[in-house]
file model-v8.csv (CSV, C-alpha atoms and all ligand atoms)
chain,number,residue,atom,x,y,z
Y,1,MET,CA,14.0,-3.6,13.3
Y,2,GLU,CA,15.5,-2.2,16.5
Y,3,LYS,CA,13.0,-0.6,18.9
Y,4,GLN,CA,15.4,2.2,19.6
Y,5,ALA,CA,15.8,3.1,16.0
Y,6,LEU,CA,12.0,3.4,15.6
Y,7,LEU,CA,11.8,5.6,18.7
Y,8,ASP,CA,14.6,7.8,17.3
Y,9,GLY,CA,12.7,8.0,14.1
Y,10,PHE,CA,9.6,9.2,15.9
Y,11,LYS,CA,11.5,11.8,17.8
Y,12,LYS,CA,13.2,13.2,14.7
Y,13,VAL,CA,9.8,13.6,12.9
Y,14,PHE,CA,7.6,14.8,15.7
Y,15,GLY,CA,10.1,16.5,18.0
Y,16,ARG,CA,9.0,14.6,21.1
Y,17,SER,CA,9.3,11.1,22.5
Y,18,GLY,CA,7.2,8.2,21.2
Y,19,GLN,CA,5.4,6.2,23.9
Y,20,ASP,CA,4.8,2.6,22.7
Y,21,VAL,CA,6.1,0.5,19.8
Y,22,PHE,CA,3.9,-2.1,18.0
Y,23,PHE,CA,4.5,-4.7,15.3
Y,24,SER,CA,2.0,-6.3,12.9
Y,25,PRO,CA,3.0,-9.1,10.5
Y,26,GLY,CA,2.4,-9.6,6.8
Y,27,ARG,CA,1.2,-13.0,5.4
Y,28,ILE,CA,1.8,-15.7,2.9
Y,29,ASN,CA,-0.8,-18.3,1.9
Y,30,LEU,CA,0.1,-22.0,1.8
Y,31,ILE,CA,-2.9,-22.9,-0.3
Y,32,GLY,CA,-6.5,-21.8,-0.9
Y,33,GLU,CA,-6.3,-18.8,-3.2
Y,34,HIS,CA,-9.2,-16.7,-4.5
Y,35,THR,CA,-11.5,-18.8,-2.3
Y,36,ASP,CA,-12.1,-16.3,0.5
Y,37,TYR,CA,-14.6,-14.1,-1.2
Y,38,ASN,CA,-16.4,-17.3,-2.3
Y,39,ASN,CA,-16.8,-18.4,1.3
Y,40,GLY,CA,-14.2,-21.1,0.8
Y,41,LEU,CA,-11.1,-22.4,2.6
Y,42,SER,CA,-7.6,-21.0,2.8
Y,43,MET,CA,-4.5,-21.7,4.8
Y,44,PRO,CA,-2.4,-18.6,5.4
Y,45,CYS,CA,0.4,-17.9,7.9
Y,46,ALA,CA,1.5,-14.6,9.4
Y,47,ILE,CA,5.2,-13.9,8.7
Y,48,SER,CA,8.1,-12.1,10.4
Y,49,LEU,CA,8.2,-9.3,7.9
Y,50,GLY,CA,5.6,-6.6,8.6
Y,51,THR,CA,4.8,-3.1,9.8
Y,52,TYR,CA,6.0,-1.2,12.9
Y,53,GLY,CA,4.2,1.7,14.5
Y,54,VAL,CA,5.4,4.1,17.2
Y,55,PHE,CA,2.5,5.8,19.1
Y,56,ALA,CA,2.2,8.8,21.4
Y,57,PRO,CA,-1.1,10.5,22.4
Y,58,ARG,CA,-1.8,14.1,21.8
Y,59,ASN,CA,-3.7,16.6,23.9
Y,60,ASP,CA,-6.0,17.6,21.1
Y,61,ASP,CA,-8.2,15.9,18.5
Y,62,GLN,CA,-5.5,15.8,15.7
Y,63,VAL,CA,-4.2,12.6,14.2
Y,64,GLU,CA,-0.7,12.8,12.6
Y,65,LEU,CA,0.7,10.0,10.6
Y,66,TYR,CA,4.2,9.7,9.1
Y,67,SER,CA,5.6,6.9,6.9
Y,68,GLN,CA,9.3,6.3,7.0
Y,69,ASN,CA,9.0,4.3,3.8
Y,70,ILE,CA,7.2,7.1,1.9
Y,71,LYS,CA,9.3,10.0,3.5
Y,72,GLY,CA,6.6,12.5,2.4
Y,73,ASN,CA,4.7,15.0,4.6
Y,74,ILE,CA,3.1,14.3,7.9
Y,75,VAL,CA,-0.5,13.5,7.1
Y,76,SER,CA,-2.9,15.1,9.6
Y,77,PHE,CA,-6.6,15.3,10.1
Y,78,PRO,CA,-9.1,15.5,13.0
Y,79,VAL,CA,-9.9,12.2,14.7
Y,80,THR,CA,-13.6,12.8,13.7
Y,81,ASP,CA,-12.8,13.1,9.9
Y,82,GLU,CA,-14.4,10.2,8.1
Y,83,THR,CA,-13.6,11.1,4.5
Y,84,PRO,CA,-10.8,9.2,2.6
Y,85,ILE,CA,-7.6,11.1,2.0
Y,86,ALA,CA,-7.6,12.1,-1.7
Y,87,ARG,CA,-4.0,13.2,-2.6
Y,88,PRO,CA,-2.5,10.2,-4.5
Y,89,GLU,CA,0.9,10.5,-2.6
Y,90,GLU,CA,-1.0,10.2,0.7
Y,91,GLN,CA,-3.3,7.2,-0.1
Y,92,TRP,CA,-1.2,5.0,2.2
Y,93,ALA,CA,-2.8,6.9,5.1
Y,94,ASN,CA,-6.3,5.6,4.1
Y,95,TYR,CA,-5.5,2.2,5.6
Y,96,PHE,CA,-5.1,3.8,9.0
Y,97,LYS,CA,-7.9,6.3,8.5
Y,98,GLY,CA,-10.4,3.5,7.4
Y,99,MET,CA,-9.7,1.5,10.6
Y,100,LEU,CA,-10.1,4.5,12.8
Y,101,THR,CA,-13.3,5.6,11.1
Y,102,TYR,CA,-14.9,2.2,11.3
Y,103,LEU,CA,-13.9,1.6,14.9
Y,104,ARG,CA,-15.4,4.9,15.8
Y,105,GLN,CA,-18.5,4.2,13.8
Y,106,SER,CA,-18.8,0.9,15.7
Y,107,GLY,CA,-19.3,2.9,18.8
Y,108,TYR,CA,-15.8,2.8,20.3
Y,109,GLU,CA,-14.7,6.0,22.0
Y,110,ILE,CA,-11.6,7.3,20.3
Y,111,ASN,CA,-11.8,11.1,20.7
Y,112,ASN,CA,-8.2,12.0,21.4
Y,113,GLY,CA,-5.6,12.6,18.8
Y,114,PHE,CA,-2.3,10.8,18.5
Y,115,SER,CA,1.0,10.8,16.5
Y,116,LEU,CA,2.1,7.7,14.7
Y,117,TYR,CA,5.4,6.9,13.1
Y,118,VAL,CA,5.2,3.9,10.7
Y,119,TYR,CA,7.9,1.8,9.1
Y,120,GLY,CA,7.4,-1.4,7.1
Y,121,ASN,CA,9.9,-4.0,6.0
Y,122,LEU,CA,7.5,-5.9,3.7
Y,123,PRO,CA,8.9,-5.4,0.2
Y,124,TYR,CA,6.6,-3.0,-1.7
Y,125,GLY,CA,4.3,-4.7,-4.1
Y,126,ALA,CA,5.4,-8.2,-3.1
Y,127,GLY,CA,1.8,-9.4,-2.5
Y,128,LEU,CA,2.6,-10.1,1.2
Y,129,SER,CA,-0.3,-8.0,2.4
Y,130,SER,CA,1.3,-4.9,3.6
Y,131,SER,CA,-2.2,-3.4,3.6
Y,132,ALA,CA,-3.7,-5.9,6.0
Y,133,SER,CA,-0.5,-5.6,8.1
Y,134,ILE,CA,-1.2,-1.8,8.4
Y,135,GLU,CA,-4.9,-2.2,9.1
Y,136,MET,CA,-4.3,-4.7,11.8
Y,137,LEU,CA,-1.5,-2.6,13.2
Y,138,MET,CA,-3.9,0.3,13.6
Y,139,GLY,CA,-6.5,-2.0,15.1
Y,140,GLU,CA,-4.0,-3.3,17.7
Y,141,ILE,CA,-2.8,0.1,18.6
Y,142,LEU,CA,-6.3,1.6,19.0
Y,143,LYS,CA,-7.5,-1.5,21.0
Y,144,ASP,CA,-4.5,-1.3,23.3
Y,145,GLU,CA,-4.1,2.5,23.7
Y,146,TYR,CA,-7.8,3.4,24.0
Y,147,ASN,CA,-8.8,0.2,25.9
Y,148,ILE,CA,-11.6,-0.7,23.5
Y,149,PRO,CA,-13.3,-4.1,23.9
Y,150,VAL,CA,-13.2,-5.0,20.2
Y,151,SER,CA,-12.8,-8.7,19.3
Y,152,ASN,CA,-10.1,-9.9,16.9
Y,153,ILE,CA,-12.7,-11.1,14.4
Y,154,GLN,CA,-14.3,-7.7,14.4
Y,155,LEU,CA,-10.9,-6.1,13.8
Y,156,ALA,CA,-10.4,-8.4,10.8
Y,157,ARG,CA,-13.8,-7.5,9.5
Y,158,LEU,CA,-13.2,-3.8,9.8
Y,159,GLY,CA,-9.9,-4.3,7.9
Y,160,GLN,CA,-11.8,-6.0,5.1
Y,161,ARG,CA,-14.3,-3.1,5.2
Y,162,THR,CA,-11.5,-0.6,4.9
Y,163,GLU,CA,-10.3,-2.4,1.7
Y,164,ASN,CA,-13.8,-2.7,0.3
Y,165,GLU,CA,-15.2,0.8,1.1
Y,166,PHE,CA,-12.2,3.1,1.7
Y,167,LEU,CA,-9.9,1.6,-1.0
Y,168,GLY,CA,-12.4,0.1,-3.5
Y,169,LEU,CA,-10.9,-3.4,-3.5
Y,170,LYS,CA,-13.6,-6.0,-3.3
Y,171,SER,CA,-11.3,-8.4,-1.4
Y,172,GLY,CA,-12.2,-11.2,1.0
Y,173,ILE,CA,-11.1,-11.5,4.6
Y,174,MET,CA,-8.2,-13.9,4.3
Y,175,ASP,CA,-5.4,-11.3,4.6
Y,176,GLN,CA,-6.7,-9.5,7.6
Y,177,PHE,CA,-7.7,-12.8,9.3
Y,178,ALA,CA,-4.2,-14.3,8.7
Y,179,VAL,CA,-2.5,-11.3,10.1
Y,180,ARG,CA,-4.8,-10.9,13.1
Y,181,MET,CA,-5.0,-14.6,14.0
Y,182,GLY,CA,-1.4,-15.4,13.2
Y,183,LYS,CA,0.3,-18.0,15.5
Y,184,LYS,CA,4.0,-18.8,15.7
Y,185,ASN,CA,4.9,-21.8,13.6
Y,186,ASN,CA,1.3,-22.5,12.6
Y,187,ALA,CA,-0.8,-22.1,9.5
Y,188,VAL,CA,-4.4,-20.9,10.0
Y,189,LEU,CA,-7.0,-23.0,8.2
Y,190,LEU,CA,-9.8,-20.5,7.7
Y,191,ASN,CA,-13.3,-21.2,6.6
Y,192,SER,CA,-14.5,-17.8,5.2
Y,193,ALA,CA,-18.1,-18.8,5.3
Y,194,THR,CA,-18.2,-19.1,9.1
Y,195,LEU,CA,-15.0,-17.4,10.1
Y,196,SER,CA,-14.1,-20.6,12.0
Y,197,TYR,CA,-10.5,-21.5,12.0
Y,198,GLN,CA,-8.0,-24.1,13.2
Y,199,TYR,CA,-4.2,-23.9,13.7
Y,200,LYS,CA,-2.1,-26.4,11.8
Y,201,PRO,CA,1.4,-26.8,13.2
Y,202,MET,CA,4.2,-26.3,10.7
Y,203,ASP,CA,7.3,-26.6,12.8
Y,204,ASN,CA,8.1,-30.2,12.6
Y,205,LEU,CA,8.9,-30.2,8.9
Y,206,ASP,CA,12.3,-30.5,7.5
Y,207,TYR,CA,11.1,-28.3,4.6
Y,208,ILE,CA,10.9,-24.5,4.8
Y,209,LEU,CA,8.9,-22.0,2.9
Y,210,ILE,CA,10.8,-19.5,0.7
Y,211,ILE,CA,9.2,-16.4,-0.7
Y,212,MET,CA,10.3,-15.6,-4.3
Y,213,SER,CA,9.2,-12.1,-5.3
Y,214,THR,CA,8.8,-11.0,-8.9
Y,215,ASN,CA,9.7,-7.3,-8.2
Y,216,LYS,CA,7.1,-6.5,-10.9
Y,217,LYS,CA,4.9,-3.4,-10.5
Y,218,HIS,CA,1.3,-4.2,-11.0
Y,219,SER,CA,-0.9,-1.2,-11.5
Y,220,LEU,CA,-3.9,-3.0,-13.0
Y,221,ALA,CA,-4.1,-5.8,-10.5
Y,222,ASN,CA,-6.9,-4.2,-8.5
Y,223,SER,CA,-9.3,-4.0,-11.5
Y,224,ALA,CA,-8.4,-7.5,-12.6
Y,225,TYR,CA,-9.1,-8.7,-9.0
Y,226,ASN,CA,-12.5,-7.0,-9.0
Y,227,ASP,CA,-13.3,-8.6,-12.3
Y,228,ARG,CA,-12.7,-12.1,-10.9
Y,229,VAL,CA,-15.0,-11.3,-7.9
Y,230,LYS,CA,-17.7,-10.2,-10.4
Y,231,GLN,CA,-17.3,-13.3,-12.6
Y,232,CYS,CA,-17.7,-15.5,-9.5
Y,233,HIS,CA,-20.8,-13.5,-8.5
Y,234,ASP,CA,-22.3,-13.8,-12.0
Y,235,ALA,CA,-21.6,-17.6,-12.1
Y,236,LEU,CA,-23.3,-18.0,-8.7
Y,237,GLN,CA,-26.4,-16.2,-9.9
Y,238,LEU,CA,-26.7,-18.5,-12.9
Y,239,LEU,CA,-26.3,-21.6,-10.8
Y,240,GLN,CA,-28.9,-20.3,-8.3
Y,241,GLN,CA,-31.5,-20.6,-11.1
Y,242,LYS,CA,-31.7,-24.3,-10.2
Y,243,LEU,CA,-29.5,-24.8,-7.1
Y,244,GLU,CA,-30.1,-23.7,-3.6
Y,245,ILE,CA,-26.5,-22.6,-2.9
Y,246,SER,CA,-25.3,-19.4,-1.2
Y,247,SER,CA,-21.8,-19.4,-2.5
Y,248,LEU,CA,-19.6,-21.2,-5.1
Y,249,SER,CA,-18.0,-23.1,-2.1
Y,250,ASP,CA,-21.3,-25.0,-1.7
Y,251,LEU,CA,-20.5,-26.8,-4.9
Y,252,ASP,CA,-18.8,-30.2,-5.0
Y,253,PHE,CA,-17.3,-31.9,-8.1
Y,254,LYS,CA,-20.5,-33.8,-8.9
Y,255,MET,CA,-22.6,-30.6,-8.8
Y,256,LEU,CA,-20.1,-28.8,-10.9
Y,257,GLU,CA,-20.3,-31.5,-13.6
Y,258,GLU,CA,-24.1,-31.7,-13.5
Y,259,TYR,CA,-24.9,-28.0,-13.4
Y,260,SER,CA,-22.2,-26.3,-15.6
Y,261,TYR,CA,-24.7,-26.2,-18.3
Y,262,LEU,CA,-26.5,-23.5,-16.4
Y,263,ILE,CA,-23.4,-21.3,-16.6
Y,264,ASN,CA,-22.8,-22.1,-20.3
Y,265,ASN,CA,-19.8,-19.7,-20.6
Y,266,PRO,CA,-16.3,-21.2,-20.9
Y,267,VAL,CA,-14.6,-18.4,-18.9
Y,268,LEU,CA,-17.1,-18.5,-16.0
Y,269,ILE,CA,-16.9,-22.3,-15.9
Y,270,GLN,CA,-13.1,-22.1,-15.6
Y,271,ARG,CA,-13.5,-19.7,-12.6
Y,272,VAL,CA,-16.0,-21.9,-10.9
Y,273,ARG,CA,-13.8,-25.0,-11.5
Y,274,HIS,CA,-10.9,-23.2,-9.8
Y,275,VAL,CA,-12.9,-22.4,-6.7
Y,276,VAL,CA,-14.3,-26.0,-6.4
Y,277,THR,CA,-10.9,-27.7,-6.9
Y,278,GLU,CA,-9.0,-25.2,-4.8
Y,279,ASN,CA,-11.3,-25.8,-1.8
Y,280,ALA,CA,-10.8,-29.6,-2.2
Y,281,ARG,CA,-7.0,-29.1,-2.4
Y,282,THR,CA,-7.0,-27.0,0.7
Y,283,GLN,CA,-9.0,-29.6,2.6
Y,284,GLU,CA,-6.5,-32.3,1.4
Y,285,ALA,CA,-3.6,-30.1,2.4
Y,286,THR,CA,-4.7,-30.2,6.0
Y,287,HIS,CA,-4.4,-34.0,5.9
Y,288,ALA,CA,-1.0,-33.8,4.2
Y,289,ILE,CA,0.2,-31.5,7.0
Y,290,GLN,CA,-1.3,-33.7,9.8
Y,291,THR,CA,0.4,-36.8,8.4
Y,292,GLY,CA,3.7,-34.9,7.6
Y,293,ASP,CA,3.3,-35.9,3.9
Y,294,MET,CA,5.3,-33.0,2.4
Y,295,GLU,CA,5.5,-34.6,-1.0
Y,296,TYR,CA,1.7,-34.7,-1.3
Y,297,LEU,CA,1.4,-31.2,0.1
Y,298,GLY,CA,3.8,-30.1,-2.6
Y,299,ARG,CA,1.8,-31.7,-5.3
Y,300,LEU,CA,-1.3,-29.9,-4.1
Y,301,ILE,CA,0.6,-26.6,-4.1
Y,302,ASN,CA,1.7,-27.3,-7.6
Y,303,ALA,CA,-1.9,-28.1,-8.7
Y,304,SER,CA,-3.1,-24.9,-7.1
Y,305,HIS,CA,-0.6,-22.9,-9.3
Y,306,VAL,CA,-1.8,-24.7,-12.5
Y,307,SER,CA,-5.4,-24.0,-11.6
Y,308,LEU,CA,-4.7,-20.3,-10.8
Y,309,ALA,CA,-2.7,-20.0,-14.1
Y,310,TYR,CA,-5.1,-21.8,-16.5
Y,311,ASP,CA,-8.5,-21.7,-14.9
Y,312,TYR,CA,-8.4,-18.5,-12.9
Y,313,GLU,CA,-5.9,-16.8,-15.2
Y,314,VAL,CA,-4.2,-14.7,-12.6
Y,315,SER,CA,-0.6,-15.8,-13.1
Y,316,SER,CA,1.9,-14.0,-15.3
Y,317,LYS,CA,5.1,-14.7,-17.2
Y,318,GLU,CA,7.1,-13.5,-14.2
Y,319,LEU,CA,5.2,-15.7,-11.7
Y,320,ASP,CA,5.3,-18.7,-14.0
Y,321,THR,CA,9.1,-18.3,-14.5
Y,322,LEU,CA,9.7,-18.4,-10.8
Y,323,VAL,CA,7.3,-21.3,-10.2
Y,324,ASN,CA,8.3,-23.4,-13.2
Y,325,THR,CA,12.0,-23.1,-12.5
Y,326,ALA,CA,11.4,-24.0,-8.8
Y,327,TRP,CA,9.6,-27.1,-9.9
Y,328,GLN,CA,12.7,-28.4,-11.7
Y,329,GLN,CA,15.0,-28.0,-8.7
Y,330,PRO,CA,16.0,-30.9,-6.3
Y,331,GLY,CA,14.4,-30.9,-2.9
Y,332,VAL,CA,11.4,-28.7,-4.0
Y,333,ALA,CA,8.2,-30.4,-2.9
Y,334,GLY,CA,6.0,-27.7,-4.5
Y,335,ALA,CA,5.8,-24.1,-5.6
Y,336,ARG,CA,3.0,-21.7,-6.6
Y,337,MET,CA,2.0,-18.0,-6.9
Y,338,ILE,CA,0.3,-16.5,-3.8
Y,339,GLY,CA,-2.2,-13.7,-3.3
Y,340,GLY,CA,-4.2,-11.8,-5.9
Y,341,GLY,CA,-1.8,-12.6,-8.7
Y,342,PHE,CA,-0.3,-11.0,-11.9
Y,343,ALA,CA,2.8,-9.8,-9.9
Y,344,GLY,CA,3.7,-10.1,-6.3
Y,345,SER,CA,5.3,-13.3,-5.1
Y,346,ALA,CA,5.4,-17.1,-5.2
Y,347,ILE,CA,6.4,-19.5,-2.5
Y,348,ALA,CA,8.4,-22.7,-2.7
Y,349,LEU,CA,8.3,-25.6,-0.2
Y,350,VAL,CA,11.9,-26.8,-0.2
Y,351,LYS,CA,14.2,-29.0,1.8
Y,352,ARG,CA,16.5,-27.0,4.0
Y,353,SER,CA,19.6,-28.4,2.4
Y,354,GLN,CA,18.5,-27.3,-1.0
Y,355,VAL,CA,17.6,-23.7,-0.3
Y,356,ASP,CA,20.8,-22.2,-1.7
Y,357,ASN,CA,20.6,-24.2,-4.9
Y,358,LEU,CA,17.0,-23.1,-5.4
Y,359,LYS,CA,17.8,-19.4,-5.0
Y,360,ALA,CA,20.8,-19.6,-7.3
Y,361,LYS,CA,19.0,-21.4,-10.1
Y,362,VAL,CA,15.8,-19.5,-10.0
Y,363,SER,CA,17.7,-16.2,-9.8
Y,364,ALA,CA,19.7,-17.0,-12.9
Y,365,VAL,CA,16.8,-18.2,-15.0
Y,366,TYR,CA,14.6,-15.3,-13.9
Y,367,ARG,CA,17.2,-12.6,-14.8
Y,368,GLN,CA,17.8,-14.2,-18.1
Y,369,LYS,CA,14.1,-14.6,-19.1
Y,370,ILE,CA,12.6,-11.5,-17.4
Y,371,GLY,CA,15.6,-9.0,-17.6
Y,372,TYR,CA,15.8,-8.0,-14.0
Y,373,ASP,CA,16.3,-9.7,-10.6
Y,374,ALA,CA,13.8,-11.6,-8.4
Y,375,SER,CA,14.2,-11.4,-4.6
Y,376,PHE,CA,14.1,-14.1,-2.1
Y,377,TYR,CA,13.0,-14.0,1.5
Y,378,ASP,CA,13.3,-16.6,4.2
Y,379,VAL,CA,10.7,-15.8,6.8
Y,380,GLU,CA,9.5,-17.3,10.1
Y,381,ILE,CA,5.8,-17.9,10.9
Y,382,VAL,CA,4.9,-15.6,13.7
Y,383,ASP,CA,2.2,-14.4,16.1
Y,384,GLY,CA,-0.3,-11.7,15.2
Y,385,PRO,CA,0.0,-8.0,16.1
Y,386,ARG,CA,1.5,-7.1,19.4
Y,387,LYS,CA,3.2,-4.4,21.5
Y,388,ILE,CA,7.0,-4.7,21.6
Y,389,ASP,CA,8.6,-4.8,25.1
B,1,LIG,C1,-5.8,-10.7,-2.1
B,1,LIG,C2,-7.1,-10.4,-1.3
B,1,LIG,F1,-6.9,-9.3,-0.5
B,1,LIG,C3,-7.5,-11.6,-0.5
B,1,LIG,O1,-8.8,-11.4,0.1
B,1,LIG,C4,-7.6,-12.9,-1.3
B,1,LIG,O2,-8.7,-12.9,-2.1
B,1,LIG,C5,-6.3,-13.1,-2.2
B,1,LIG,O3,-6.0,-11.9,-2.9
B,1,LIG,C6,-6.5,-14.2,-3.2
B,1,LIG,O4,-6.6,-15.4,-2.5
B,1,LIG,O5,-4.7,-10.9,-1.3

call {"tool": "encode", "arguments": {"input": "model-v8.csv", "output": "structure tokens"}}
result
Amino acid sequence: MEKQALLDGFKKVFGRSGQDVFFSPGRINLIGEHTDYNNGLSMPCAISLGTYGVFAPRNDDQVELYSQNIKGNIVSFPVTDETPIARPEEQWANYFKGMLTYLRQSGYEINNGFSLYVYGNLPYGAGLSSSASIEMLMGEILKDEYNIPVSNIQLARLGQRTENEFLGLKSGIMDQFAVRMGKKNNAVLLNSATLSYQYKPMDNLDYILIIMSTNKKHSLANSAYNDRVKQCHDALQLLQQKLEISSLSDLDFKMLEEYSYLINNPVLIQRVRHVVTENARTQEATHAIQTGDMEYLGRLINASHVSLAYDYEVSSKELDTLVNTAWQQPGVAGARMIGGGFAGSAIALVKRSQVDNLKAKVSAVYRQKIGYDASFYDVEIVDGPRKID
């Protein structure tokens, strides 16, 4: 997106000039799904699609937000207002308001109002974490404009808190962490137990990652997500009757075998099995990347999808159609659904020379089976939030 077009947009809406332009990426996840809220491993990357914000200070205590995507009213409130915005058509503003509220509650001085014009090019509902992109955009803007000494990890935590407390999604920290810690051409291996992380270079591969979006609307995904979080919590409590563990990620295969009897519920055992195997796959994936073994990485990615579909039960006909069709195409090392599931997107790790064939074949099969079009995005792996020069 051109900086000038964003500044022009600001001027049109607010009738004065914008001061600074910022960008915050979205994310994909190579492997390690539904592990973050179980203190496990994941390997996301920040991507070149994301959210832009044009900022200008005000002389009073009012905050004004405008979304170019929603094209509704300007949402305004005093900087001191800590209550979520209730009107359904203005819920998008809660991501900004949550960050602002929790930064102020953390003791950072943000007392002056501001105007903010927002535009995102992440496809709506594609599961590429537009919400974390917005939260980390707000964090970066407030950190920069108000000179507050907040750490990146704290910003990621406050983004997660915004999801958990302002929006009611009991999500883990992977999305905010991926966006905040994003590094050009690197995946971020995150351990959610310790919030320690390592960068894994992804630029020497002759394979690229393609996003395949279902274009399906998923209104019930949040409640299904919170159900999975609860099931993991319930299984953990049952295991803790005999085991001294603090999360499902403390389990290895042997313990899973030996102690499943404590859970004694087929669905909960499936959920735990996914977490244990997904952590192991993510660990293995780091070796595959280090040794450049893309075939192996692909098989791990495929196995992740199978586990998410059958053990965790968060896939859907739409996601399975994308992934199963991709598996059959030449040059595809692996494919799987990403994010929370049910709708959203899948990724394929594909040889550069076979990208066009992949898109053509998957498109045709998807349209025929599902009845509408899938979308495809080639993205770059990029740095985290920043001011644009
Ligand atoms: C969503 C959540 F926000 C993340 O925290 C993570 O749990 C993911 O689903 C599944 O891995 O994106």

call {"tool": "closest_residue", "arguments": {"input": "model-v8.csv", "among": "Y:Ala303, Y:Ile269, Y:Ile338, Y:Val79", "to": "ligand LIG 1 (chain B)", "atoms": "all atoms listed in the file"}}
result
Y:Ile338

call {"tool": "closest_atom_pairs", "arguments": {"input": "model-v8.csv", "of": "chain Y", "to": "ligand LIG 1 (chain B)", "cutoff": "9 Å", "atoms": "only C-alpha atoms and all ligand atoms", "output": "tab-separated table"}}
result
residue	atom	partner	partner_atom	distance
Y:Asn29	CA	B:LIG1	O4	7.8
Y:Ile31	CA	B:LIG1	O4	8.6
Y:Gly32	CA	B:LIG1	O4	6.6
Y:Glu33	CA	B:LIG1	O4	3.5
Y:His34	CA	B:LIG1	O4	3.5
Y:Thr35	CA	B:LIG1	O4	6.0
Y:Asp36	CA	B:LIG1	O2	5.5
Y:Tyr37	CA	B:LIG1	O2	6.1
Y:Asn38	CA	B:LIG1	O2	8.9
Y:Ser42	CA	B:LIG1	O4	7.8
Y:Gly127	CA	B:LIG1	O5	6.8
Y:Leu128	CA	B:LIG1	O5	7.8
Y:Ser129	CA	B:LIG1	O5	6.4
Y:Ser131	CA	B:LIG1	F1	8.6
Y:Ala132	CA	B:LIG1	F1	8.0
Y:Gln160	CA	B:LIG1	O1	7.9
Y:Glu163	CA	B:LIG1	F1	8.0
Y:Leu169	CA	B:LIG1	F1	7.7
Y:Lys170	CA	B:LIG1	F1	8.0
Y:Ser171	CA	B:LIG1	O1	4.2
Y:Gly172	CA	B:LIG1	O1	3.5
Y:Ile173	CA	B:LIG1	O1	5.1
Y:Met174	CA	B:LIG1	O1	4.9
Y:Asp175	CA	B:LIG1	C3	5.5
Y:Gln176	CA	B:LIG1	O1	8.0
Y:Tyr225	CA	B:LIG1	O3	7.6
Y:Val229	CA	B:LIG1	O2	8.7
Y:Ile338	CA	B:LIG1	O4	7.1
Y:Gly339	CA	B:LIG1	O3	4.2
Y:Gly340	CA	B:LIG1	O3	3.5
Y:Gly341	CA	B:LIG1	O3	7.2

call {"tool": "residues_around", "arguments": {"input": "model-v8.csv", "residues": "Y:Asp311", "least_positions_apart": "4", "cutoff": "9 Å", "atoms": "only C-alpha atoms", "output": "ChimeraX atom specification"}}
result
/Y:267,269-274,306-307

call {"tool": "write_last_selection", "arguments": {"input": "model-v8.csv", "atoms": "C-alpha atoms", "output": "short mmCIF file (atom, residue, chain, number, x, y, z; two decimals), in the frame of the given file"}}
result
data_model
loop_
_atom_site.label_atom_id
_atom_site.label_comp_id
_atom_site.auth_asym_id
_atom_site.auth_seq_id
_atom_site.Cartn_x
_atom_site.Cartn_y
_atom_site.Cartn_z
CA VAL Y 267 -14.60 -18.40 -18.90
CA ILE Y 269 -16.90 -22.30 -15.90
CA GLN Y 270 -13.10 -22.10 -15.60
CA ARG Y 271 -13.50 -19.70 -12.60
CA VAL Y 272 -16.00 -21.90 -10.90
CA ARG Y 273 -13.80 -25.00 -11.50
CA HIS Y 274 -10.90 -23.20 -9.80
CA VAL Y 306 -1.80 -24.70 -12.50
CA SER Y 307 -5.40 -24.00 -11.60
#

call {"tool": "atom_distance", "arguments": {"input": "model-v8.csv", "atom1": "atom CA of Y:Arg386", "atom2": "atom CA of Y:Ile28"}}
result
18.6 Å

call {"tool": "closest_residue", "arguments": {"input": "model-v8.csv", "among": "Y:Leu142, Y:Glu82, Y:Gln329, Y:Asp234", "to": "Y:Lys387", "atoms": "all atoms listed in the file"}}
result
Y:Leu142

call {"tool": "closest_residue", "arguments": {"input": "model-v8.csv", "among": "Y:Asp383, Y:Asp389, Y:Asp320, Y:Glu295", "to": "Y:Ala187", "atoms": "only C-alpha atoms"}}
result
Y:Asp383

call {"tool": "closest_residue", "arguments": {"input": "model-v8.csv", "among": "Y:Ala326, Y:Ala224, Y:Ile263, Y:Val276", "to": "Y:Gln240", "atoms": "all atoms listed in the file"}}
result
Y:Ile263

call {"tool": "residues_around", "arguments": {"input": "model-v8.csv", "residues": "Y:Glu140", "least_positions_apart": "2", "cutoff": "10 Å", "atoms": "all atoms listed in the file", "output": "MDAnalysis selection string"}}
result
chainID Y and resid 22:24 134:138 142:146 148 150 152 155 180 384:387

call {"tool": "closest_residue", "arguments": {"input": "model-v8.csv", "among": "Y:Glu318, Y:Glu2, Y:Asp81, Y:Glu89", "to": "Y:Tyr52", "atoms": "all atoms listed in the file"}}
result
Y:Glu2

call {"tool": "closest_residue", "arguments": {"input": "model-v8.csv", "among": "Y:Thr214, Y:Asn111, Y:Thr101, Y:Thr80", "to": "Y:Arg161", "atoms": "only C-alpha atoms"}}
result
Y:Thr101

call {"tool": "atom_distance", "arguments": {"input": "model-v8.csv", "atom1": "atom CA of Y:Ser17", "atom2": "atom CA of Y:Ala56"}}
result
7.5 Å

call {"tool": "residues_around", "arguments": {"input": "model-v8.csv", "residues": "Y:Ala333", "least_positions_apart": "5", "cutoff": "6 Å", "atoms": "only C-alpha atoms", "output": "list in words"}}
result
Glu295, Gly298, Leu349 and Val350 of chain Y

call {"tool": "atom_distance", "arguments": {"input": "model-v8.csv", "atom1": "atom CA of Y:Ser151", "atom2": "atom CA of Y:Trp92"}}
result
24.8 Å

call {"tool": "residues_around", "arguments": {"input": "model-v8.csv", "residues": "Y:Pro123", "least_positions_apart": "5", "cutoff": "9 Å", "atoms": "all atoms listed in the file", "output": "list in words"}}
result
Leu49, Leu128, Ser130, Ser213 and Asn215 of chain Y
